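The structure file target_36.txt is reproduced below (compact mmCIF, C-alpha atoms).
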# COMPACT_ATOMS: atom_id res chain seq x y z
CA MET A 1 35.49 78.59 140.83
CA ASN A 2 38.02 80.67 142.70
CA LYS A 3 41.36 81.95 141.48
CA LYS A 4 43.27 78.90 142.62
CA ASP A 5 40.95 76.51 140.80
CA ILE A 6 41.38 78.48 137.60
CA GLN A 7 45.15 78.30 137.94
CA THR A 8 44.95 74.54 138.45
CA LEU A 9 42.68 74.21 135.43
CA ILE A 10 45.10 76.14 133.23
CA LEU A 11 48.00 74.02 134.49
CA LEU A 12 46.14 70.78 133.82
CA LEU A 13 45.07 71.99 130.41
CA GLY A 14 48.65 72.86 129.54
CA LEU A 15 49.89 69.47 130.72
CA PHE A 16 47.17 67.72 128.72
CA LEU A 17 48.06 69.60 125.54
CA PHE A 18 51.72 68.81 126.12
CA PHE A 19 51.04 65.09 126.58
CA TYR A 20 48.72 65.09 123.57
CA PHE A 21 51.17 66.68 121.17
CA MET A 22 54.38 65.31 122.70
CA PRO A 23 56.68 64.62 119.72
CA LEU A 24 57.71 61.14 120.85
CA ASN A 25 58.89 60.21 117.37
CA SER A 26 61.40 63.02 117.24
CA LYS A 27 64.84 61.82 118.21
CA ILE A 28 66.04 65.10 119.68
CA PHE A 29 63.01 65.26 121.99
CA VAL A 30 63.55 61.73 123.26
CA ASP A 31 67.25 62.50 123.71
CA ALA A 32 66.39 65.59 125.73
CA ILE A 33 64.04 63.67 128.03
CA PHE A 34 66.71 61.04 128.50
CA SER A 35 69.33 63.68 129.22
CA GLY A 36 67.05 65.27 131.86
CA LEU A 37 66.47 61.92 133.55
CA LYS A 38 70.16 61.10 133.38
CA MET A 39 71.05 64.31 135.16
CA LEU A 40 68.43 63.60 137.85
CA ASN A 41 69.89 60.13 138.26
CA ASP A 42 73.35 61.63 138.62
CA TYR A 43 72.20 64.11 141.30
CA ALA A 44 70.29 61.46 143.23
CA ARG A 45 73.34 59.16 143.25
CA GLN A 46 76.11 61.64 143.84
CA HIS A 47 74.82 64.75 145.52
CA VAL A 48 71.56 64.28 147.40
CA LEU A 49 72.49 61.85 150.17
CA THR A 50 76.10 62.77 150.70
CA CYS A 51 75.97 66.52 150.20
CA LEU A 52 72.49 68.01 150.37
CA VAL A 53 71.02 66.01 153.22
CA PRO A 54 73.92 66.79 155.61
CA ALA A 55 73.82 70.43 154.46
CA PHE A 56 70.11 70.64 155.27
CA PHE A 57 70.76 69.22 158.74
CA ILE A 58 73.53 71.76 159.31
CA ALA A 59 71.33 74.61 158.12
CA GLY A 60 68.59 73.37 160.46
CA ALA A 61 71.03 73.28 163.38
CA ILE A 62 72.23 76.81 162.64
CA ALA A 63 68.64 78.02 162.58
CA VAL A 64 68.08 76.54 166.04
CA PHE A 65 71.36 77.25 167.81
CA VAL A 66 72.66 80.55 166.49
CA LYS A 67 70.99 83.38 168.31
CA LYS A 68 69.34 85.66 165.80
CA ASP A 69 68.82 88.49 168.24
CA PHE A 70 72.58 88.65 168.72
CA ILE A 71 73.14 89.19 164.99
CA LEU A 72 70.33 91.67 164.58
CA ARG A 73 71.68 93.68 167.51
CA TYR A 74 75.04 94.04 165.75
CA LEU A 75 73.31 95.23 162.60
CA GLY A 76 71.52 97.92 164.60
CA GLY A 77 72.16 101.64 164.55
CA GLN A 78 74.92 101.75 167.16
CA ALA A 79 76.97 99.01 165.52
CA LYS A 80 80.55 99.79 164.50
CA LYS A 81 80.82 100.05 160.72
CA TYR A 82 83.37 97.31 160.11
CA ILE A 83 81.48 94.87 162.33
CA ALA A 84 78.22 95.69 160.57
CA TYR A 85 79.69 95.11 157.09
CA GLY A 86 81.53 91.95 158.12
CA LEU A 87 78.49 90.48 159.81
CA ALA A 88 76.11 91.48 157.02
CA SER A 89 78.33 89.74 154.47
CA VAL A 90 78.08 86.35 156.18
CA SER A 91 74.71 86.57 157.89
CA GLY A 92 72.94 84.98 154.93
CA ALA A 93 74.43 81.67 156.04
CA ILE A 94 73.33 82.24 159.61
CA LEU A 95 69.90 83.79 159.23
CA ALA A 96 69.08 81.15 156.59
CA VAL A 97 66.91 83.48 154.65
CA CYS A 98 64.56 82.84 151.81
CA SER A 99 63.60 85.65 149.49
CA CYS A 100 60.39 86.16 151.45
CA THR A 101 62.18 87.12 154.66
CA ILE A 102 65.13 88.90 153.09
CA LEU A 103 63.27 92.08 152.11
CA PRO A 104 61.92 93.08 155.54
CA LEU A 105 65.39 92.44 156.95
CA PHE A 106 66.94 94.55 154.22
CA ALA A 107 64.52 97.41 154.76
CA GLY A 108 64.94 97.12 158.53
CA ILE A 109 68.73 97.24 158.48
CA ARG A 110 68.63 100.22 156.14
CA LYS A 111 66.06 102.35 157.93
CA ARG A 112 66.43 101.46 161.57
CA GLY A 113 69.79 99.77 161.74
CA ALA A 114 73.32 100.07 160.41
CA GLY A 115 72.24 101.95 157.27
CA LEU A 116 72.23 101.60 153.50
CA GLY A 117 75.72 100.10 153.05
CA PRO A 118 75.38 97.07 155.34
CA ALA A 119 71.80 96.58 154.14
CA ILE A 120 73.00 96.30 150.54
CA THR A 121 75.81 93.97 151.64
CA PHE A 122 73.21 91.76 153.27
CA LEU A 123 70.89 91.92 150.27
CA PHE A 124 73.62 90.75 147.93
CA SER A 125 75.25 88.04 150.01
CA GLY A 126 72.09 86.63 151.59
CA PRO A 127 71.01 84.33 148.76
CA ALA A 128 74.54 83.53 147.56
CA ILE A 129 75.97 82.38 150.83
CA ASN A 130 73.33 79.93 152.04
CA ILE A 131 74.73 76.66 153.37
CA ALA A 132 73.05 74.30 150.93
CA ALA A 133 74.09 76.40 147.92
CA MET A 134 77.71 76.54 149.08
CA PHE A 135 78.07 72.80 149.59
CA LEU A 136 76.16 71.87 146.44
CA THR A 137 78.39 74.17 144.38
CA ILE A 138 81.48 72.45 145.76
CA SER A 139 79.99 68.99 145.24
CA VAL A 140 78.78 69.57 141.67
CA LEU A 141 81.12 72.17 140.19
CA GLY A 142 84.25 71.32 142.14
CA ILE A 143 86.14 72.77 145.07
CA ARG A 144 87.83 75.55 143.08
CA ILE A 145 84.68 77.17 141.77
CA GLY A 146 82.94 76.46 145.08
CA LEU A 147 85.55 78.29 147.15
CA ALA A 148 85.80 81.09 144.60
CA ARG A 149 82.05 81.54 144.86
CA ILE A 150 82.07 81.74 148.67
CA ILE A 151 85.03 84.09 148.94
CA SER A 152 84.03 86.42 146.14
CA SER A 153 80.40 86.58 147.29
CA ILE A 154 81.62 87.85 150.66
CA LEU A 155 84.14 90.30 149.21
CA LEU A 156 81.82 91.57 146.52
CA SER A 157 78.93 92.10 148.90
CA ILE A 158 81.14 94.31 151.09
CA LEU A 159 82.49 96.23 148.09
CA ILE A 160 79.03 96.85 146.66
CA GLY A 161 77.73 97.94 150.07
CA LEU A 162 80.64 100.34 150.59
CA THR A 163 80.25 101.79 147.10
CA MET A 164 76.52 102.35 147.58
CA ALA A 165 77.11 104.01 150.95
CA PHE A 166 79.79 106.19 149.34
CA ILE A 167 77.56 107.30 146.45
CA PHE A 168 74.38 107.84 148.46
CA LYS A 169 74.95 109.31 151.85
CA GLU A 170 71.84 108.60 153.83
CA LYS A 171 71.19 108.50 157.54
CA PRO A 172 69.05 105.82 159.17
CA GLU A 173 66.10 107.10 161.16
CA GLU A 174 65.85 107.01 164.90
CA GLY A 175 63.72 104.50 166.71
CA GLY A 176 65.66 101.31 167.29
CA ILE A 177 64.62 97.82 166.43
CA PHE A 178 62.51 95.22 168.12
CA VAL A 179 64.58 92.25 169.15
CA GLU A 180 62.91 89.32 170.77
CA GLU A 181 64.70 87.62 173.63
CA TYR A 182 65.13 84.01 172.59
CA LYS A 183 65.07 81.35 175.21
CA GLU A 184 68.44 80.11 176.29
CA ILE A 185 69.27 76.63 175.03
CA LYS A 186 71.03 74.65 177.71
CA ILE A 187 73.67 72.37 176.27
CA GLY A 188 77.32 72.10 177.05
CA LYS A 189 79.43 74.14 174.64
CA LYS A 190 81.70 71.14 174.08
CA PHE A 191 78.91 68.95 172.82
CA LEU A 192 77.52 71.67 170.62
CA ILE A 193 80.90 72.20 168.95
CA LEU A 194 81.38 68.44 168.55
CA PHE A 195 77.89 68.28 167.05
CA PHE A 196 78.73 70.82 164.35
CA ILE A 197 82.18 69.32 163.71
CA ALA A 198 80.65 65.87 163.21
CA MET A 199 78.13 67.19 160.68
CA VAL A 200 80.63 69.25 158.70
CA GLY A 201 82.98 66.26 158.95
CA ILE A 202 80.52 64.12 157.01
CA LEU A 203 80.74 66.55 154.09
CA VAL A 204 84.51 66.86 154.29
CA VAL A 205 85.12 63.09 154.45
CA ASN A 206 82.82 62.63 151.48
CA GLY A 207 85.03 64.93 149.46
CA LEU A 208 88.27 63.10 150.31
CA GLN A 209 89.90 60.82 147.76
CA ILE A 210 90.44 57.79 149.99
CA ASN A 211 89.60 54.11 150.12
CA LYS A 212 85.83 53.63 149.78
CA MET A 213 85.54 51.30 152.77
CA ILE A 214 87.36 53.70 155.10
CA LYS A 215 85.36 56.61 153.73
CA PHE A 216 81.96 55.04 154.33
CA GLY A 217 83.07 53.71 157.70
CA LEU A 218 84.10 57.18 158.79
CA MET A 219 80.91 58.74 157.47
CA ILE A 220 78.69 56.23 159.27
CA PHE A 221 80.68 56.84 162.44
CA LEU A 222 80.14 60.61 162.16
CA VAL A 223 76.43 60.14 161.51
CA LEU A 224 76.22 58.01 164.66
CA VAL A 225 78.08 60.65 166.68
CA THR A 226 75.68 63.35 165.47
CA ALA A 227 72.66 61.21 166.24
CA ALA A 228 73.99 60.24 169.66
CA ILE A 229 74.50 63.87 170.68
CA ALA A 230 71.05 64.80 169.42
CA ILE A 231 69.42 61.92 171.30
CA PHE A 232 71.31 61.86 174.58
CA LYS A 233 72.65 65.36 175.10
CA PHE A 234 69.99 67.69 173.74
CA HIS A 235 66.72 68.53 175.34
CA GLN A 236 63.94 66.68 173.55
CA GLU A 237 62.36 69.98 172.52
CA THR A 238 65.62 71.13 170.94
CA THR A 239 65.99 67.96 168.89
CA LYS A 240 62.41 68.30 167.70
CA GLU A 241 63.00 71.93 166.75
CA TRP A 242 66.14 70.93 164.84
CA LEU A 243 64.32 68.27 162.86
CA LYS A 244 61.48 70.69 162.14
CA GLU A 245 63.83 73.36 160.76
CA THR A 246 65.66 70.75 158.68
CA TRP A 247 62.39 69.47 157.25
CA ASN A 248 61.47 73.06 156.34
CA PHE A 249 64.60 73.37 154.20
CA VAL A 250 64.07 69.99 152.55
CA LYS A 251 60.44 70.78 151.84
CA THR A 252 61.08 74.14 150.22
CA LEU A 253 64.32 73.48 148.35
CA LEU A 254 64.37 69.87 147.16
CA PRO A 255 61.29 69.80 144.86
CA VAL A 256 62.41 72.93 143.02
CA LEU A 257 65.93 71.56 142.71
CA PHE A 258 64.70 68.31 141.16
CA LEU A 259 62.64 70.29 138.67
CA GLY A 260 65.60 72.55 137.94
CA VAL A 261 67.95 69.60 137.42
CA PHE A 262 65.54 67.97 134.98
CA VAL A 263 65.04 71.20 133.05
CA ALA A 264 68.81 71.78 132.88
CA GLY A 265 69.36 68.25 131.58
CA PHE A 266 66.45 68.61 129.16
CA ILE A 267 67.69 71.81 127.53
CA MET A 268 71.28 70.56 127.33
CA PRO A 269 70.93 68.91 123.88
CA PHE A 270 69.37 72.13 122.55
CA LEU A 271 72.21 74.36 123.74
CA PRO A 272 74.29 75.28 120.72
CA GLN A 273 77.86 74.37 121.67
CA SER A 274 79.47 76.54 118.98
CA ILE A 275 77.68 79.71 120.08
CA ILE A 276 78.40 79.09 123.77
CA GLU A 277 82.07 78.44 123.01
CA LYS A 278 82.24 81.56 120.92
CA ILE A 279 80.73 83.90 123.54
CA VAL A 280 81.78 82.45 126.90
CA GLY A 281 84.29 79.76 125.91
CA SER A 282 87.18 82.00 126.82
CA ASN A 283 87.70 84.49 129.61
CA SER A 284 86.95 87.71 127.71
CA ILE A 285 85.56 90.99 129.02
CA PHE A 286 82.65 90.66 126.63
CA GLY A 287 81.84 87.09 127.73
CA ASN A 288 81.91 87.95 131.43
CA LEU A 289 79.80 91.06 130.88
CA ILE A 290 77.14 89.26 128.82
CA VAL A 291 76.86 86.54 131.44
CA ALA A 292 76.67 89.06 134.31
CA ILE A 293 73.87 90.98 132.58
CA PHE A 294 72.02 87.76 131.81
CA GLY A 295 72.41 86.62 135.43
CA VAL A 296 71.12 89.86 136.86
CA PHE A 297 67.84 89.69 134.94
CA MET A 298 67.24 85.93 134.91
CA TYR A 299 65.39 84.39 137.83
CA PHE A 300 67.07 81.38 139.43
CA SER A 301 65.26 79.64 142.23
CA THR A 302 67.62 78.78 145.13
CA LEU A 303 70.09 76.03 144.10
CA THR A 304 68.86 75.73 140.51
CA GLU A 305 71.66 77.96 139.22
CA ILE A 306 73.99 75.01 139.86
CA PRO A 307 72.55 72.41 137.42
CA ILE A 308 72.05 75.14 134.80
CA LEU A 309 75.73 76.04 135.05
CA GLN A 310 76.70 72.39 134.99
CA ALA A 311 74.93 72.08 131.63
CA LEU A 312 76.61 75.25 130.33
CA ILE A 313 80.05 74.05 131.45
CA ALA A 314 79.48 70.74 129.64
CA LYS A 315 78.88 72.82 126.52
CA GLY A 316 82.14 74.67 126.84
CA MET A 317 81.64 77.63 129.21
CA SER A 318 84.92 78.70 130.81
CA SER A 319 85.57 79.31 134.52
CA GLY A 320 85.58 83.13 134.55
CA PRO A 321 82.06 83.53 133.16
CA VAL A 322 80.89 80.65 135.39
CA LEU A 323 81.87 82.66 138.45
CA ALA A 324 80.36 85.84 137.01
CA LEU A 325 77.04 84.03 136.62
CA LEU A 326 77.24 82.50 140.10
CA LEU A 327 77.70 86.00 141.53
CA ALA A 328 75.17 87.92 139.45
CA GLY A 329 72.55 85.18 139.15
CA PRO A 330 71.09 84.40 142.56
CA SER A 331 71.33 87.89 144.06
CA LEU A 332 69.11 89.66 141.55
CA SER A 333 66.34 88.89 139.11
CA LEU A 334 63.75 90.88 137.22
CA PRO A 335 61.00 90.21 139.81
CA SER A 336 63.29 91.06 142.75
CA MET A 337 64.40 94.28 141.01
CA LEU A 338 60.81 95.48 140.95
CA VAL A 339 60.42 94.83 144.68
CA ILE A 340 63.76 96.45 145.52
CA ARG A 341 62.77 99.47 143.45
CA LYS A 342 59.72 99.94 145.63
CA ILE A 343 61.93 100.16 148.69
CA LEU A 344 64.99 101.95 147.31
CA GLY A 345 63.58 104.09 144.51
CA THR A 346 64.55 103.98 140.85
CA ARG A 347 67.89 105.76 140.98
CA LYS A 348 69.45 103.71 143.77
CA THR A 349 68.13 100.47 142.25
CA LEU A 350 69.69 101.28 138.89
CA VAL A 351 73.02 102.07 140.53
CA TYR A 352 72.83 98.85 142.55
CA ILE A 353 72.10 96.76 139.45
CA SER A 354 74.97 98.40 137.55
CA LEU A 355 77.36 97.80 140.45
CA VAL A 356 76.43 94.12 140.59
CA ILE A 357 77.04 93.78 136.85
CA ILE A 358 80.38 95.61 136.95
CA TYR A 359 81.77 93.85 140.01
CA ALA A 360 80.57 90.40 138.89
CA THR A 361 82.24 90.95 135.50
CA LEU A 362 85.49 91.98 137.17
CA ALA A 363 85.41 89.06 139.60
CA GLY A 364 84.83 86.64 136.71
CA LEU A 365 87.70 88.16 134.74
CA ILE A 366 90.14 87.99 137.65
CA PHE A 367 89.16 84.42 138.54
CA GLY A 368 89.46 83.43 134.88
CA LEU A 369 93.03 84.70 134.83
CA PHE A 370 94.06 82.43 137.68
CA VAL A 371 92.56 79.16 136.51
CA MET B 372 41.83 95.15 171.39
CA ILE B 373 43.53 95.76 168.07
CA ILE B 374 45.63 92.92 166.67
CA LYS B 375 47.96 93.50 163.76
CA ILE B 376 49.77 90.87 161.76
CA LEU B 377 52.81 92.25 160.00
CA GLY B 378 53.87 90.35 156.91
CA SER B 379 54.45 90.81 153.23
CA GLY B 380 51.92 88.14 152.31
CA CYS B 381 54.26 85.18 152.57
CA PRO B 382 52.79 81.75 153.44
CA SER B 383 53.88 81.88 157.07
CA CYS B 384 52.35 85.35 157.48
CA LEU B 385 49.01 84.07 156.22
CA LEU B 386 49.31 81.05 158.49
CA LEU B 387 49.85 83.32 161.50
CA GLU B 388 46.70 85.27 160.61
CA GLU B 389 44.70 82.04 160.43
CA MET B 390 46.06 80.93 163.79
CA VAL B 391 45.22 84.23 165.45
CA LYS B 392 41.67 84.01 164.12
CA GLN B 393 41.39 80.48 165.42
CA ALA B 394 42.71 81.52 168.83
CA ILE B 395 40.21 84.37 169.04
CA GLU B 396 37.38 82.02 168.17
CA GLU B 397 38.44 79.40 170.69
CA LEU B 398 38.84 81.98 173.43
CA ASP B 399 35.53 83.52 172.37
CA LEU B 400 36.96 87.03 172.55
CA LYS B 401 34.70 89.94 171.70
CA ASP B 402 35.57 93.40 170.50
CA VAL B 403 38.70 92.41 168.64
CA GLN B 404 39.91 94.00 165.44
CA ILE B 405 42.35 92.17 163.17
CA GLU B 406 44.43 93.96 160.60
CA HIS B 407 47.04 92.53 158.24
CA VAL B 408 49.77 95.06 157.48
CA TYR B 409 51.42 94.44 154.12
CA ASP B 410 53.19 97.74 153.63
CA ILE B 411 56.89 97.29 154.27
CA ASP B 412 57.43 100.85 155.49
CA LYS B 413 54.73 100.43 158.10
CA ILE B 414 56.22 97.08 159.13
CA ILE B 415 59.62 98.68 159.60
CA SER B 416 58.11 101.50 161.64
CA TYR B 417 57.43 98.92 164.36
CA GLY B 418 61.15 98.19 164.40
CA VAL B 419 60.45 94.69 163.11
CA MET B 420 63.07 93.15 160.84
CA ALA B 421 61.75 89.62 160.57
CA THR B 422 58.24 88.70 159.51
CA PRO B 423 55.70 87.47 160.38
CA ALA B 424 55.26 89.64 163.45
CA LEU B 425 52.35 89.84 165.86
CA VAL B 426 51.36 93.23 167.28
CA ILE B 427 48.77 93.58 170.01
CA ASP B 428 47.59 97.09 170.91
CA GLU B 429 50.59 98.61 169.13
CA LYS B 430 53.09 96.49 171.08
CA VAL B 431 55.24 93.95 169.22
CA LYS B 432 54.80 90.54 170.81
CA SER B 433 56.69 88.24 168.47
CA ALA B 434 58.72 88.58 165.29
CA GLY B 435 60.33 86.26 162.78
CA ARG B 436 58.54 83.13 163.86
CA ILE B 437 55.13 81.56 164.18
CA PRO B 438 54.20 81.20 167.84
CA SER B 439 52.24 78.10 168.85
CA ILE B 440 48.49 78.42 169.25
CA VAL B 441 48.94 78.05 173.03
CA GLU B 442 51.36 80.97 173.06
CA ILE B 443 49.06 83.12 170.93
CA LYS B 444 46.19 82.48 173.36
CA LYS B 445 48.42 83.44 176.26
CA LEU B 446 49.42 86.66 174.53
CA LEU B 447 45.79 87.48 173.77
CA THR B 448 44.60 87.01 177.34
CA GLN B 449 47.39 88.95 179.02
In structure tokens, what does this structure look like?
Amino acid sequence: MNKKDIQTLILLLGLFLFFYFMPLNSKIFVDAIFSGLKMLNDYARQHVLTCLVPAFFIAGAIAVFVKKDFILRYLGGQAKKYIAYGLASVSGAILAVCSCTILPLFAGIRKRGAGLGPAITFLFSGPAINIAAMFLTISVLGIRIGLARIISSILLSILIGLTMAFIFKEKPEEGGIFVEEYKEIKIGKKFLILFFIAMVGILVVNGLQINKMIKFGLMIFLVLVTAAIAIFKFHQETTKEWLKETWNFVKTLLPVLFLGVFVAGFIMPFLPQSIIEKIVGSNSIFGNLIVAIFGVFMYFSTLTEIPILQALIAKGMSSGPVLALLLAGPSLSLPSMLVIRKILGTRKTLVYISLVIIYATLAGLIFGLFV
Amino acid sequence: MIIKILGSGCPSCLLLEEMVKQAIEELDLKDVQIEHVYDIDKIISYGVMATPALVIDEKVKSAGRIPSIVEIKKLLTQ
């Protein structure tokens, strides 16, 4: 038996024990299961087809069409500071990074490229600003919180990067970076722009409050436009590449999301409303701080922070702390801290963690004042 | 020939290693050494920012993607 078999055995054993002792007669348990399934049903009906699937296709298209070497070049050593910070703060959406690729990029930007500040900016904004997470936040938690999340992720990442660079003055080493020349993709610019507009259009139309018939008509039209461009205007290889990248996103993100949604729905009946209302029901310094600290240590798999927050909001969490959690949650977790510590050292990691907590708390407080 | 695969142990890095081994076997290459570099500092010292990366005789050949088996064979026979 190898290591993997043993893991499977333990998993199966755990499942068996769970099924064996499942308290099916207890009302609260049955309610929790029902609540988990209800939330899954809600996501499948309202968010998967109309929000996530288009977002995955857009993310796939970005992965194929946006030239990565171009971005990496501007995060290199000779880059102007303001360009490096600006680009680092949005490149999470473009480089479409998962946690497994984010660390080499982070270490590379710091040591061989634009330096510590932009590297930190990238580290913070990378997970928060991914396309699927942005659209799902808007679709599930509403446009206000969605936009607040996008804007404050960008601003905060730059602030944290600047602060780190100010506290620790360190020079990147010489040596340059390896940038692979990507093959040129030959498509008319006009069609490429139309292609992206059509896909984003699907998401925008879905959010409009208009007659259902017109809405679905428009959406089907936009889907047809997208498909037509992909079939008739792209090189066959390009279309294949696009579908492959899209499938990669679906494959890695959707199963975890479904699990996360069920878990969020399942724990909802157990969440004590009175305690949640007492701590984070209003926009207090204490509430925002507690949530920011919790978010920094807790591990959220990509996208799963959204259903968890949805459950907390249903139990009375107010908007300020919601934003604080959205900012502090995805960017850091206990496991990622340990890895970052290996690269940055203990002192810089501690400062980085404290900065995330402080800025996330402040952002939550300020947002809470406005809504 | 010394072949290095740079990667932090992520699934695609392991896949690249498998593919390189397969390519070597199919090409029936002799006198080849394969090394998987996990250490992030060493990876960075090649100037690589995106893993997995393929290094042949200390020259970076690809980074941030998994080349097709045909491409790997081409790189190995150059």
For this session: Work out how far apart atom CA of A:Gly86 and atom CA of A:Asn130 are and give it in Å to one decimal.
Result: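 For atom CA of A:Gly86 relative to atom CA of A:Asn130, the distance reads 15.8 Å.
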For this session: Pull out every residue of chain B that has at least one atom within 6 Å of chain A, counting all atoms listed in the file, and report them as a VMD selection string.
Result: chain B and resid 415 418 to 421
Exercise. Could you list as a list in words every residue that has an atom within 9 Å of (93.8, 80.8, 134.9), using the file's coordinates and counting all atoms listed in the file?
Worked result: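 Protein and nucleic acid residues near the point are Asn283, Ser319, Gly320, Ile366, Phe367, Gly368, Leu369, Phe370 and Val371 of chain A.
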Problem set entry | Pick from A:Thr361, A:Gln209, A:Ser125, A:Gln273 nearest to A:Ala311, counting all atoms listed in the file | A:Gln273
For this session: Please provide the set of residues having any atom within 8 Å of stretch 379-384 of chain B, restricted to only C-alpha atoms, with same-chain residues fewer than 2 positions apart removed, written as a ChimeraX atom specification.
Result: /A:100 /B:376-377,386-388,408-411,422-424,437
For this session: Pull the neighbourhood of (44.4, 88.1, 178.8) for me: all residues within 12 Å in file coordinates, counting all atoms listed in the file, as an MDAnalysis selection string.
Result: chainID B and resid 372 395 398:400 427 442:449
